[in-house]
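So this block is coords-v3.txt, compact mmCIF, C-alpha atoms:
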# COMPACT_ATOMS: atom_id res chain seq x y z
CA MET A 15 -28.40 20.25 26.05
CA PRO A 16 -28.07 17.03 28.04
CA VAL A 17 -24.83 15.17 27.67
CA THR A 18 -24.03 11.55 28.37
CA VAL A 19 -22.05 11.07 31.56
CA LYS A 20 -19.88 7.97 31.71
CA THR A 21 -18.35 7.15 35.07
CA PHE A 22 -15.68 4.47 35.35
CA ALA A 23 -14.06 2.82 38.35
CA SER A 24 -10.69 2.51 36.64
CA PHE A 25 -8.67 5.13 34.79
CA GLY A 26 -7.90 2.60 32.05
CA GLU A 27 -11.55 2.28 31.10
CA ALA A 28 -11.98 6.04 31.28
CA ALA A 29 -8.98 6.52 29.01
CA SER A 30 -10.43 4.08 26.44
CA ALA A 31 -13.79 5.83 26.51
CA LEU A 32 -12.04 9.17 26.07
CA SER A 33 -9.82 8.12 23.18
CA SER A 34 -12.64 6.46 21.26
CA ASP A 35 -14.99 9.45 21.25
CA ARG A 36 -13.95 12.75 19.73
CA SER A 37 -16.73 14.67 21.47
CA ALA A 38 -15.88 13.30 24.92
CA ARG A 39 -14.19 15.43 27.54
CA TYR A 40 -12.72 14.26 30.80
CA LEU A 41 -14.28 15.86 33.87
CA GLY A 42 -11.85 16.43 36.71
CA GLY A 43 -12.73 19.11 39.22
CA GLY A 44 -15.31 20.66 36.91
CA THR A 45 -13.90 24.18 36.81
CA LEU A 46 -13.22 23.94 33.05
CA VAL A 47 -15.64 21.36 31.68
CA MET A 48 -18.72 22.33 33.71
CA ARG A 49 -18.05 25.93 32.83
CA ALA A 50 -18.01 24.97 29.15
CA LEU A 51 -21.28 23.04 29.56
CA ASN A 52 -22.88 25.97 31.42
CA GLU A 53 -21.93 28.18 28.50
CA GLY A 54 -23.61 25.79 26.08
CA ASP A 55 -20.50 24.27 24.47
CA ILE A 56 -22.11 21.87 22.00
CA SER A 57 -18.78 20.28 21.04
CA ILE A 58 -19.04 18.19 24.22
CA SER A 59 -21.59 15.41 23.99
CA THR A 60 -20.02 12.97 26.43
CA VAL A 61 -18.46 13.61 29.80
CA VAL A 62 -16.09 10.93 31.06
CA ARG A 63 -15.23 10.53 34.73
CA ALA A 64 -13.09 8.12 36.71
CA THR A 65 -13.48 7.48 40.42
CA ASP A 66 -10.13 5.65 40.50
CA GLN A 67 -8.24 6.48 43.70
CA ALA A 68 -4.98 6.11 41.79
CA LEU A 69 -5.65 9.52 40.25
CA SER A 70 -5.72 11.29 43.60
CA ARG A 71 -2.53 9.85 45.04
CA ILE A 72 0.37 11.99 46.20
CA ASP A 73 3.79 10.34 46.46
CA VAL A 74 6.44 12.38 48.23
CA ALA A 75 8.61 9.52 49.44
CA SER A 76 11.68 10.27 47.34
CA SER A 77 13.43 13.31 45.89
CA ARG A 78 10.95 13.04 43.04
CA VAL A 79 7.35 13.91 43.90
CA THR A 80 4.40 12.50 42.00
CA ILE A 81 0.99 14.15 42.14
CA GLY A 82 -2.08 12.39 40.76
CA ALA A 83 -3.98 14.35 38.13
CA GLY A 84 -7.08 14.41 40.34
CA VAL A 85 -5.32 16.02 43.31
CA THR A 86 -6.92 19.36 44.15
CA PHE A 87 -5.00 22.53 44.97
CA ALA A 88 -6.45 22.39 48.49
CA ARG A 89 -4.76 19.01 48.93
CA VAL A 90 -1.48 20.33 47.58
CA LEU A 91 -1.73 23.10 50.18
CA ALA A 92 -2.43 20.58 52.93
CA GLU A 93 0.68 18.54 52.09
CA ARG A 94 3.72 19.84 53.94
CA GLU A 95 6.11 17.94 51.69
CA LEU A 96 4.83 19.97 48.73
CA ALA A 97 5.65 23.32 50.36
CA PHE A 98 7.55 24.41 47.26
CA LEU A 99 4.26 24.24 45.33
CA HIS A 100 2.18 26.10 47.90
CA ALA A 101 2.71 29.55 46.39
CA PRO A 102 1.42 28.52 42.94
CA ALA A 103 -1.45 26.50 44.48
CA ARG A 104 -2.47 29.41 46.70
CA SER A 105 -2.44 31.82 43.76
CA ILE A 106 -5.29 29.98 42.05
CA GLY A 107 -8.91 31.06 42.49
CA GLY A 108 -10.63 31.37 45.84
CA PRO A 109 -11.06 28.56 48.39
CA ALA A 110 -13.91 26.91 46.46
CA VAL A 111 -11.93 26.75 43.23
CA ARG A 112 -8.97 25.32 45.14
CA ASN A 113 -11.25 22.67 46.66
CA MET A 114 -12.35 21.67 43.17
CA GLY A 115 -9.65 22.45 40.61
CA THR A 116 -7.07 19.75 39.98
CA VAL A 117 -3.42 19.59 39.04
CA GLY A 118 -4.27 17.57 35.91
CA GLY A 119 -6.99 19.96 34.80
CA ASN A 120 -4.67 22.92 35.18
CA LEU A 121 -2.55 21.50 32.35
CA PHE A 122 -5.49 22.13 30.03
CA ALA A 123 -6.52 25.55 31.39
CA PRO A 124 -6.27 28.08 28.59
CA SER A 125 -4.50 31.42 29.00
CA PRO A 126 -4.84 33.45 31.26
CA TYR A 127 -5.39 30.43 33.52
CA GLY A 128 -3.03 27.56 34.22
CA ASP A 129 -0.77 29.18 36.83
CA PHE A 130 0.16 25.90 38.49
CA THR A 131 1.38 24.63 35.13
CA VAL A 132 3.78 27.57 34.92
CA ALA A 133 5.39 26.30 38.12
CA LEU A 134 5.49 22.73 36.79
CA LEU A 135 7.10 23.92 33.55
CA ALA A 136 9.88 25.67 35.46
CA LEU A 137 10.38 22.47 37.47
CA ASP A 138 10.71 20.40 34.29
CA ALA A 139 7.82 18.14 35.27
CA THR A 140 6.93 14.92 33.53
CA VAL A 141 3.32 14.30 32.52
CA SER A 142 2.04 10.71 32.57
CA VAL A 143 -0.60 10.24 29.93
CA GLN A 144 -2.81 7.26 29.14
CA GLY A 145 -3.83 7.30 25.50
CA GLY A 146 -5.48 4.85 23.18
CA LEU A 147 -2.10 3.18 22.63
CA GLY A 148 -1.12 2.85 26.25
CA ALA A 149 0.61 4.91 28.91
CA ARG A 150 3.60 7.12 28.35
CA ASP A 151 5.54 9.82 30.12
CA MET A 152 6.38 13.02 28.33
CA PRO A 153 8.18 16.20 29.29
CA ILE A 154 5.69 18.92 30.21
CA GLU A 155 7.04 21.15 27.48
CA GLU A 156 6.25 18.57 24.82
CA PHE A 157 2.83 18.05 26.41
CA LEU A 158 2.01 21.75 26.28
CA GLN A 159 3.18 22.10 22.68
CA SER A 160 0.83 19.31 21.63
CA ARG A 161 -1.94 20.15 24.10
CA GLU A 162 -4.59 20.57 21.41
CA ARG A 163 -4.04 16.98 20.37
CA GLN A 164 -4.03 15.65 23.95
CA SER A 165 -7.74 16.06 24.63
CA GLY A 166 -8.32 12.41 23.75
CA ALA A 167 -5.70 11.30 26.26
CA LEU A 168 -6.12 11.02 30.00
CA VAL A 169 -3.49 12.62 32.21
CA LEU A 170 -2.76 10.31 35.13
CA ALA A 171 -0.16 12.24 37.10
CA VAL A 172 2.61 14.79 37.00
CA SER A 173 5.97 14.35 38.65
CA CYS A 174 9.02 16.49 39.23
CA GLN A 175 12.23 16.64 41.22
CA ARG A 176 12.08 18.74 44.33
CA PRO A 177 13.86 22.04 43.79
CA ALA A 178 17.56 22.01 44.64
CA SER A 179 16.83 24.29 47.62
CA ALA A 180 13.92 26.36 48.89
CA ASP A 181 15.52 29.46 47.41
CA ALA A 182 16.15 27.77 44.05
CA PHE A 183 12.48 27.80 43.11
CA ARG A 184 10.60 31.06 42.85
CA TYR A 185 7.10 31.92 41.73
CA ARG A 186 5.28 35.14 41.14
CA LYS A 187 1.79 35.82 39.81
CA ILE A 188 0.87 39.33 38.82
CA ALA A 189 -2.85 40.02 39.24
CA ARG A 190 -4.79 43.24 39.51
CA ILE A 191 -7.11 41.95 42.21
CA LYS A 192 -5.72 40.58 45.44
CA PRO A 193 -5.86 38.03 46.86
CA LYS A 194 -7.72 36.50 43.94
CA GLY A 195 -7.46 37.62 40.36
CA GLY A 196 -6.68 36.35 36.90
CA SER A 197 -3.08 36.42 35.78
CA VAL A 198 -1.70 39.45 33.98
CA ILE A 199 1.50 37.44 33.84
CA THR A 200 2.77 34.52 35.87
CA LEU A 201 6.45 33.71 36.32
CA ALA A 202 8.30 30.76 37.81
CA ALA A 203 12.00 30.05 37.91
CA HIS A 204 14.09 27.10 38.99
CA LEU A 205 17.66 28.27 39.55
CA PRO A 206 19.95 25.48 40.69
CA VAL A 207 23.29 26.94 41.76
CA SER A 208 26.48 24.92 41.57
CA GLY A 209 29.78 26.40 42.73
CA GLY A 210 28.19 29.84 42.99
CA ARG A 211 26.97 29.74 39.39
CA VAL A 212 23.55 29.09 37.96
CA SER A 213 23.43 25.74 36.22
CA GLY A 214 20.37 24.48 34.38
CA ALA A 215 18.11 27.49 34.93
CA ARG A 216 14.51 27.14 33.82
CA ILE A 217 12.23 30.14 33.62
CA ALA A 218 8.55 29.70 32.71
CA LEU A 219 6.00 32.33 31.81
CA GLY A 220 2.19 32.24 31.84
CA SER A 221 -0.09 34.56 29.84
CA MET A 222 2.81 35.41 27.54
CA ALA A 223 1.73 33.08 24.71
CA ALA A 224 -1.13 30.73 23.84
CA THR A 225 0.32 28.21 26.29
CA GLN A 226 2.80 28.46 29.12
CA ILE A 227 6.26 28.94 27.62
CA ARG A 228 9.90 28.94 28.68
CA ALA A 229 11.89 32.16 28.52
CA ARG A 230 14.87 30.50 26.89
CA ALA A 231 16.80 33.68 26.13
CA ALA A 232 16.53 34.72 29.77
CA GLU A 233 17.65 31.24 30.85
CA ARG A 234 20.70 31.49 28.57
CA ALA A 235 21.53 34.89 30.03
CA LEU A 236 21.83 33.33 33.48
CA GLU A 237 23.58 30.11 32.57
CA GLY A 238 27.01 29.70 34.10
CA ARG A 239 26.88 33.07 35.83
CA ALA A 240 26.49 34.13 39.42
CA LEU A 241 23.00 35.47 40.13
CA ASP A 242 24.27 39.04 40.40
CA ASP A 243 22.93 42.35 39.14
CA SER A 244 24.46 42.09 35.70
CA ALA A 245 23.17 38.55 35.11
CA VAL A 246 19.72 39.50 36.38
CA SER A 247 19.68 42.57 34.13
CA ALA A 248 20.71 40.50 31.12
CA ALA A 249 17.94 37.98 31.84
CA ALA A 250 15.34 40.73 32.37
CA ALA A 251 16.34 42.35 29.08
CA ALA A 252 15.87 39.02 27.30
CA ALA A 253 12.48 38.25 28.88
CA THR A 254 10.42 39.29 25.87
CA GLU A 255 12.30 37.16 23.37
CA GLY A 256 9.95 34.63 21.81
CA VAL A 257 6.82 35.77 23.61
CA SER A 258 3.49 36.38 21.89
CA PRO A 259 1.07 37.63 24.55
CA ALA A 260 -2.56 38.42 23.79
CA ASP A 261 -4.79 41.35 24.65
CA ASN A 262 -7.48 40.53 27.17
CA ALA A 263 -9.50 42.27 29.86
CA LEU A 264 -6.71 41.79 32.39
CA GLY A 265 -4.01 43.49 30.34
CA SER A 266 -2.92 44.31 26.81
CA ALA A 267 -0.20 42.49 24.94
CA TRP A 268 1.80 45.75 24.98
CA TYR A 269 1.49 46.01 28.76
CA ARG A 270 2.53 42.39 29.25
CA ARG A 271 5.66 42.92 27.16
CA GLU A 272 6.46 46.08 29.12
CA ILE A 273 6.22 44.49 32.55
CA VAL A 274 7.54 40.95 32.07
CA GLY A 275 11.17 42.08 32.36
CA VAL A 276 10.41 44.17 35.44
CA HIS A 277 8.81 41.24 37.23
CA LEU A 278 11.45 38.79 36.09
CA ARG A 279 14.08 41.10 37.56
CA ARG A 280 12.17 41.18 40.88
CA LEU A 281 11.73 37.42 40.86
CA LEU A 282 15.43 36.78 40.20
CA SER A 283 16.56 39.40 42.71
CA GLY A 284 14.36 37.85 45.37
CA LEU A 285 12.38 41.06 45.79
CA GLU A 286 8.73 40.95 46.77
CA MET B 25 -31.86 10.80 27.13
CA THR B 26 -31.94 8.67 30.25
CA LYS B 27 -32.05 10.31 33.62
CA THR B 28 -29.73 9.38 36.43
CA PRO B 29 -30.96 8.81 39.99
CA LEU B 30 -29.21 10.94 42.54
CA GLN B 31 -29.42 10.73 46.33
CA PHE B 32 -27.67 12.93 48.82
CA ARG B 33 -28.05 14.61 52.21
CA HIS B 34 -29.48 18.08 51.79
CA ASN B 35 -29.15 20.12 54.98
CA GLY B 36 -29.40 16.97 57.06
CA ARG B 37 -32.32 15.44 55.14
CA ASP B 38 -32.07 12.67 52.55
CA VAL B 39 -33.29 13.68 49.12
CA ALA B 40 -33.58 11.75 45.87
CA VAL B 41 -34.07 13.19 42.40
CA PHE B 42 -33.54 12.20 38.78
CA VAL B 43 -31.15 14.40 36.82
CA ASP B 44 -30.40 14.82 33.14
CA GLY B 45 -26.81 14.16 32.06
CA GLY B 46 -24.53 17.12 32.62
CA VAL B 47 -26.87 18.97 34.99
CA ASN B 48 -25.02 20.95 37.61
CA LEU B 49 -25.73 20.79 41.33
CA LEU B 50 -27.07 24.34 41.41
CA VAL B 51 -29.83 23.46 38.95
CA ALA B 52 -30.57 20.26 40.88
CA LEU B 53 -30.88 22.21 44.14
CA ARG B 54 -32.97 25.04 42.76
CA GLU B 55 -35.16 23.38 40.18
CA LEU B 56 -35.52 19.83 41.47
CA ILE B 57 -35.32 20.26 45.23
CA GLY B 58 -36.68 23.80 45.45
CA ASP B 59 -33.88 25.21 47.57
CA MET B 60 -33.57 28.71 46.12
CA THR B 61 -30.85 29.92 48.51
CA PRO B 62 -27.84 29.19 46.27
CA LYS B 63 -27.88 31.77 43.46
CA PHE B 64 -26.90 31.60 39.82
CA GLY B 65 -24.43 34.40 39.16
CA CYS B 66 -21.90 33.76 36.43
CA GLY B 67 -21.94 30.02 35.74
CA GLN B 68 -18.16 30.23 35.35
CA GLY B 69 -16.78 29.96 38.87
CA GLY B 70 -16.01 33.64 39.05
CA CYS B 71 -18.60 35.02 41.47
CA GLY B 72 -19.22 32.52 44.27
CA ALA B 73 -22.99 33.20 44.48
CA CYS B 74 -23.71 29.47 44.14
CA SER B 75 -21.31 28.40 46.93
CA VAL B 76 -22.40 25.39 49.00
CA LEU B 77 -20.63 23.03 51.36
CA ILE B 78 -20.12 19.46 50.17
CA ASP B 79 -18.98 17.21 53.02
CA GLY B 80 -18.06 20.41 54.83
CA GLU B 81 -15.87 21.78 52.01
CA LEU B 82 -16.72 24.91 50.08
CA HIS B 83 -17.69 24.14 46.46
CA LEU B 84 -19.21 26.06 43.60
CA SER B 85 -22.47 24.25 42.90
CA CYS B 86 -22.70 25.62 39.35
CA LEU B 87 -19.41 23.88 38.47
CA THR B 88 -20.29 20.65 40.29
CA LEU B 89 -21.75 17.89 38.16
CA ALA B 90 -24.89 17.01 40.13
CA GLU B 91 -24.24 13.29 40.15
CA THR B 92 -20.85 13.75 41.81
CA ALA B 93 -22.79 14.79 44.93
CA ASN B 94 -24.30 11.30 45.13
CA GLY B 95 -24.06 9.95 48.68
CA ARG B 96 -22.50 13.14 49.98
CA ALA B 97 -23.75 15.81 52.39
CA VAL B 98 -24.68 19.14 50.79
CA GLU B 99 -25.22 22.18 53.00
CA THR B 100 -26.79 25.37 51.71
CA LEU B 101 -27.81 28.61 53.34
CA ASP B 102 -31.30 27.15 53.76
CA GLY B 103 -29.94 24.86 56.48
CA MET B 104 -27.95 27.48 58.33
CA LYS B 105 -30.53 28.82 60.77
CA ASP B 106 -31.75 26.69 63.65
CA GLY B 107 -35.54 26.91 63.52
CA PRO B 108 -36.43 30.55 64.19
CA ASN B 109 -32.91 31.29 65.44
CA LEU B 110 -30.49 32.84 63.00
CA HIS B 111 -26.95 31.51 62.84
CA PRO B 112 -24.43 33.88 64.48
CA LEU B 113 -23.08 34.67 61.01
CA GLN B 114 -26.53 35.62 59.74
CA ARG B 115 -27.13 37.80 62.79
CA ALA B 116 -23.76 39.48 62.36
CA PHE B 117 -24.44 40.14 58.67
CA MET B 118 -27.71 41.79 59.67
CA GLU B 119 -26.22 43.86 62.47
CA GLN B 120 -23.18 44.97 60.46
CA PHE B 121 -25.21 45.86 57.33
CA ALA B 122 -23.25 43.29 55.36
CA ALA B 123 -26.01 42.81 52.78
CA GLN B 124 -27.32 45.42 50.40
CA CYS B 125 -28.89 43.83 47.33
CA GLY B 126 -28.35 40.45 48.98
CA TYR B 127 -27.50 38.45 45.87
CA CYS B 128 -24.00 37.53 47.03
CA THR B 129 -25.10 36.96 50.63
CA PRO B 130 -25.88 33.22 50.48
CA GLY B 131 -22.49 32.50 48.92
CA MET B 132 -20.72 34.86 51.31
CA LEU B 133 -22.36 33.16 54.29
CA MET B 134 -21.36 29.70 53.08
CA ALA B 135 -17.78 30.82 52.44
CA ALA B 136 -17.70 32.41 55.90
CA LYS B 137 -19.16 29.27 57.48
CA ALA B 138 -16.55 27.11 55.73
CA LEU B 139 -13.91 29.34 57.32
CA LEU B 140 -15.34 29.46 60.86
CA ASP B 141 -16.06 25.71 60.92
CA ARG B 142 -12.31 25.12 60.51
CA ASN B 143 -10.91 28.24 62.10
CA PRO B 144 -13.15 29.78 64.80
CA SER B 145 -10.76 32.70 65.42
CA PRO B 146 -9.66 33.94 62.01
CA THR B 147 -7.54 37.01 61.43
CA ARG B 148 -8.78 39.75 59.17
CA ALA B 149 -6.41 38.52 56.45
CA GLU B 150 -7.82 35.02 56.76
CA VAL B 151 -11.37 36.34 56.39
CA ILE B 152 -10.38 38.26 53.27
CA GLU B 153 -8.78 35.12 51.86
CA ALA B 154 -11.84 33.02 52.74
CA ILE B 155 -14.29 35.25 50.86
CA SER B 156 -11.89 36.01 48.01
CA GLY B 157 -13.85 33.80 45.63
CA ASN B 158 -17.09 35.67 46.29
CA ILE B 159 -17.89 38.89 44.49
CA CYS B 160 -20.03 41.62 46.05
CA ARG B 161 -20.86 44.66 43.94
CA CYS B 162 -22.61 46.67 46.68
CA THR B 163 -20.90 46.72 50.03
CA GLY B 164 -17.24 47.26 49.20
CA TYR B 165 -16.60 44.14 51.33
CA GLU B 166 -15.70 45.98 54.55
CA PRO B 167 -19.07 45.36 56.30
CA ILE B 168 -18.88 41.70 55.26
CA ILE B 169 -15.37 41.28 56.65
CA ASN B 170 -16.45 43.01 59.86
CA ALA B 171 -19.52 40.78 60.14
CA VAL B 172 -17.48 37.58 59.82
CA LEU B 173 -15.03 38.83 62.46
CA ALA B 174 -17.94 39.82 64.74
CA ALA B 175 -19.56 36.40 64.30
CA ALA B 176 -16.26 34.74 65.18
CA THR B 177 -16.03 36.83 68.34
CA SER B 178 -19.64 36.16 69.35
CA GLY B 179 -19.14 32.45 68.67
CA ARG B 180 -16.15 32.45 71.03
CA ALA B 181 -18.16 34.36 73.64
CA ARG B 182 -20.90 31.72 73.50
CA ALA B 183 -18.46 28.85 73.77
Written as structure tokens, how would this file's structure read?
Amino acid sequence: MPVTVKTFASFGEAASALSSDRSARYLGGGTLVMRALNEGDISISTVVRATDQALSRIDVASSRVTIGAGVTFARVLAERELAFLHAPARSIGGPAVRNMGTVGGNLFAPSPYGDFTVALLALDATVSVQGGLGARDMPIEEFLQSRERQSGALVLAVSCQRPASADAFRYRKIARIKPKGGSVITLAAHLPVSGGRVSGARIALGSMAATQIRARAAERALEGRALDDSAVSAAAAAATEGVSPADNALGSAWYRREIVGVHLRRLLSGLE
Amino acid sequence: MTKTPLQFRHNGRDVAVFVDGGVNLLVALRELIGDMTPKFGCGQGGCGACSVLIDGELHLSCLTLAETANGRAVETLDGMKDGPNLHPLQRAFMEQFAAQCGYCTPGMLMAAKALLDRNPSPTRAEVIEAISGNICRCTGYEPIINAVLAAATSGRARA
């Protein structure tokens, strides 16, 4: 069924068009919305686009990096200053999907997709959103919890602090098919160490609930401790607390619960 | 429903069509322009059969809103050969038996071309990565990987 395509030069106009029409969806790279249209999703009657260059800007000038919502994974991979995000970017799709899929769109990718967002959640990213009432920044966790209600808002950018060190940020995607496959589970951890002890650990999991979630019990198990065997074991044992994975073709909920601790242990121990 | 005019370069030639809202580039290429080389496989971005190059970058035409190609250069398998002469990749695919049913072949060739255009001497791992978005259910991939490596070698020999 034909839909109405509305293309705007500025993100502000696109955001207004999006917030005023319940059946409008924002088209970024197309890997989610075009797929829905190809499958005959009749809930979409209007597609909104913005050609605004502001949405594809990358700002790496300071310790805080800002990535426009329209930046593709291929561009993340081409940016040396974003090396800490290369592993998550590379884990998504094949080359064509990485040339198309965007950082902003990934925030809306339903499980088992949205691997990049797992990394952003561990990095405590901030999501800049333009809604009907104006622009605001919100923590990514709050964004994900209210994601269903965000479809009328336009994501402009995400930003995060660079990890404390290269070793402080770790990412691991478990897929059955290599190099490209859907996530059985995806894990990311930011482990700042101060005086030999973990301080402010954030561990994020993908495919372990309806949206990407934090493994808070595992984070607590690490807090204030050295990243040694006993702390890693305690965190791995706590990995399933609060998770609610689903069965799908890539793995069963039972399997996901069984392996999440194993992979968290490997991630925290720095094992490949 | 109003139609939208769309103009782009198709394999080096300017084309102009009118598209319905929401039509993807694959449908525009096949049904409006008559270029049947990109294939419809899954419509979800999972198989790569519809792969084309847009401004030299590999894209999935089934997930590309047709009007976003406006003013851009779209390359499909149809433009790969030079008159009667096959492209080195096509010749290598033929010689290495890299096609069985052939349905994935157009997408594989475009993915391989996207690789060789940027990296004329890829490693085996780089070839595997480059075609990782393209599914083949016949060959087991090995002949395809070998063909891309052979084409890279023959390209170097020519140059």
* To do: Counting all atoms listed in the file, write as a list in words all protein and nucleic acid residues lying at most 8 Å from (-17.4, 16.0, 52.1) in the file's frame.
  =>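 Returned residue set, sorted by chain then number, is Leu77, Ile78, Asp79, Gly80, Glu81, Arg96 and Ala97 of chain B.
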* Pick from B:Pro62, B:Pro108, B:Gly67, B:Pro29 nearest to A:Leu51, counting all atoms listed in the file ->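 Going through B:Pro62, B:Pro108, B:Gly67, B:Pro29 one by one, the smallest distance to A:Leu51 is for B:Gly67.
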Within 10 Å of chain A, which residues of chain B show up? Give each one with its shortest atom-to-atom distance in Å (one decimal) and the two atoms involved, counting all atoms listed in the file, rows by chain then rising residue number, as CSV.
residue,atom,partner,partner_atom,distance
B:Met25,CA,A:Pro16,CA,7.3
B:Thr26,CA,A:Thr18,CA,8.6
B:Lys27,CA,A:Pro16,CA,9.6
B:Thr28,CA,A:Val19,CA,9.2
B:Val43,CA,A:Pro16,CA,9.7
B:Asp44,CA,A:Pro16,CA,6.0
B:Gly45,CA,A:Val17,CA,4.9
B:Gly46,CA,A:Val17,CA,5.3
B:Val47,CA,A:Pro16,CA,7.3
B:Asn48,CA,A:Met48,CA,7.5
B:Cys66,CA,A:Asn52,CA,9.3
B:Gly67,CA,A:Asn52,CA,6.0
B:Gln68,CA,A:Arg49,CA,5.0
B:Gly69,CA,A:Thr45,CA,6.8
B:Gly70,CA,A:Gly107,CA,8.3
B:Cys71,CA,A:Gly108,CA,9.8
B:Gly72,CA,A:Ala110,CA,8.0
B:Ser75,CA,A:Ala110,CA,7.6
B:Val76,CA,A:Ala110,CA,9.0
B:Leu77,CA,A:Ala110,CA,9.2
B:Glu81,CA,A:Asn113,CA,7.1
B:Leu82,CA,A:Ala110,CA,5.0
B:His83,CA,A:Ala110,CA,4.7
B:Leu84,CA,A:Ala110,CA,6.1
B:Ser85,CA,A:Ala110,CA,9.6
B:Cys86,CA,A:Met48,CA,7.6
B:Leu87,CA,A:Met48,CA,5.1
B:Thr88,CA,A:Gly44,CA,6.0
B:Leu89,CA,A:Met48,CA,7.0
B:Glu91,CA,A:Val19,CA,9.1
B:Thr92,CA,A:Arg63,CA,9.6
B:Ala135,CA,A:Ala110,CA,8.1
B:Ala138,CA,A:Pro109,CA,9.3
B:Leu139,CA,A:Pro109,CA,9.4
B:Ala149,CA,A:Pro193,CA,9.6
B:Ile152,CA,A:Pro193,CA,7.8
B:Glu153,CA,A:Pro193,CA,6.5
B:Ala154,CA,A:Pro109,CA,6.3
B:Ile155,CA,A:Gly108,CA,7.3
B:Ser156,CA,A:Gly108,CA,5.3
B:Gly157,CA,A:Gly108,CA,4.0
B:Asn158,CA,A:Gly108,CA,7.8
Using C-alpha atoms, can you write the selected residues to a file as a short mmCIF file (atom, residue, chain, number, x, y, z; two decimals), in the coordinates of the input?
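That gives us part_13.cif:
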data_model
loop_
_atom_site.label_atom_id
_atom_site.label_comp_id
_atom_site.auth_asym_id
_atom_site.auth_seq_id
_atom_site.Cartn_x
_atom_site.Cartn_y
_atom_site.Cartn_z
CA MET B 25 -31.86 10.80 27.13
CA THR B 26 -31.94 8.67 30.25
CA LYS B 27 -32.05 10.31 33.62
CA THR B 28 -29.73 9.38 36.43
CA VAL B 43 -31.15 14.40 36.82
CA ASP B 44 -30.40 14.82 33.14
CA GLY B 45 -26.81 14.16 32.06
CA GLY B 46 -24.53 17.12 32.62
CA VAL B 47 -26.87 18.97 34.99
CA ASN B 48 -25.02 20.95 37.61
CA CYS B 66 -21.90 33.76 36.43
CA GLY B 67 -21.94 30.02 35.74
CA GLN B 68 -18.16 30.23 35.35
CA GLY B 69 -16.78 29.96 38.87
CA GLY B 70 -16.01 33.64 39.05
CA CYS B 71 -18.60 35.02 41.47
CA GLY B 72 -19.22 32.52 44.27
CA SER B 75 -21.31 28.40 46.93
CA VAL B 76 -22.40 25.39 49.00
CA LEU B 77 -20.63 23.03 51.36
CA GLU B 81 -15.87 21.78 52.01
CA LEU B 82 -16.72 24.91 50.08
CA HIS B 83 -17.69 24.14 46.46
CA LEU B 84 -19.21 26.06 43.60
CA SER B 85 -22.47 24.25 42.90
CA CYS B 86 -22.70 25.62 39.35
CA LEU B 87 -19.41 23.88 38.47
CA THR B 88 -20.29 20.65 40.29
CA LEU B 89 -21.75 17.89 38.16
CA GLU B 91 -24.24 13.29 40.15
CA THR B 92 -20.85 13.75 41.81
CA ALA B 135 -17.78 30.82 52.44
CA ALA B 138 -16.55 27.11 55.73
CA LEU B 139 -13.91 29.34 57.32
CA ALA B 149 -6.41 38.52 56.45
CA ILE B 152 -10.38 38.26 53.27
CA GLU B 153 -8.78 35.12 51.86
CA ALA B 154 -11.84 33.02 52.74
CA ILE B 155 -14.29 35.25 50.86
CA SER B 156 -11.89 36.01 48.01
CA GLY B 157 -13.85 33.80 45.63
CA ASN B 158 -17.09 35.67 46.29
#
Using all atoms of stretch 81-93 of chain A that appear in the file, construct an axis-aligned enclosing box with 5 Å of padding on every side and provide its centre coordinates and edge lengths in Å, rounded to one decimal, as lines of an AutoDock Vina configuration file.
center_x = -3.0
center_y = 17.7
center_z = 45.5
size_x = 18.1
size_y = 20.7
size_z = 24.8
* Asked: In Å, with one decimal, what is the gap from atom CA of B:Thr61 to atom CA of B:Gly103?
  -> 9.5 Å
* Asked: Using all atoms listed in the file, which of the listed residues (A:Gly118, A:Asp66, A:Ser165, A:Ala101) sits closest to A:Ala180?
  -> A:Ala101
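Atom CA of A:Leu158 to atom CA of A:Arg89 spans 23.8 Å [interatomic distance, one decimal].
Note that the spacing between atom CA of A:Ala253 and atom CA of A:Val276 amounts to 9.1 Å.
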Pull N, CA and C atoms for stretch 34-40 of chain B from the block and write them as an mmCIF file, in the first residue's frame.
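Dumped everything to part-v3.cif:
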data_model
loop_
_atom_site.group_PDB
_atom_site.id
_atom_site.type_symbol
_atom_site.label_atom_id
_atom_site.label_comp_id
_atom_site.auth_asym_id
_atom_site.auth_seq_id
_atom_site.Cartn_x
_atom_site.Cartn_y
_atom_site.Cartn_z
ATOM 1 N N HIS B 34 21.766 5.245 -13.737
ATOM 2 C CA HIS B 34 21.640 3.796 -13.640
ATOM 3 C C HIS B 34 22.689 3.193 -14.564
ATOM 4 N N ASN B 35 23.727 2.624 -13.963
ATOM 5 C CA ASN B 35 24.827 2.049 -14.733
ATOM 6 C C ASN B 35 25.353 3.029 -15.790
ATOM 7 N N GLY B 36 25.525 4.276 -15.349
ATOM 8 C CA GLY B 36 26.125 5.275 -16.218
ATOM 9 C C GLY B 36 25.164 5.990 -17.152
ATOM 10 N N ARG B 37 23.870 5.641 -17.076
ATOM 11 C CA ARG B 37 22.874 6.272 -17.945
ATOM 12 C C ARG B 37 21.875 7.009 -17.066
ATOM 13 N N ASP B 38 21.416 8.166 -17.488
ATOM 14 C CA ASP B 38 20.392 8.867 -16.700
ATOM 15 C C ASP B 38 19.039 8.230 -16.932
ATOM 16 N N VAL B 39 18.312 7.985 -15.867
ATOM 17 C CA VAL B 39 16.953 7.463 -16.003
ATOM 18 C C VAL B 39 16.018 8.324 -15.168
ATOM 19 N N ALA B 40 14.763 8.358 -15.573
ATOM 20 C CA ALA B 40 13.747 9.108 -14.830
ATOM 21 C C ALA B 40 12.479 8.274 -14.782
#
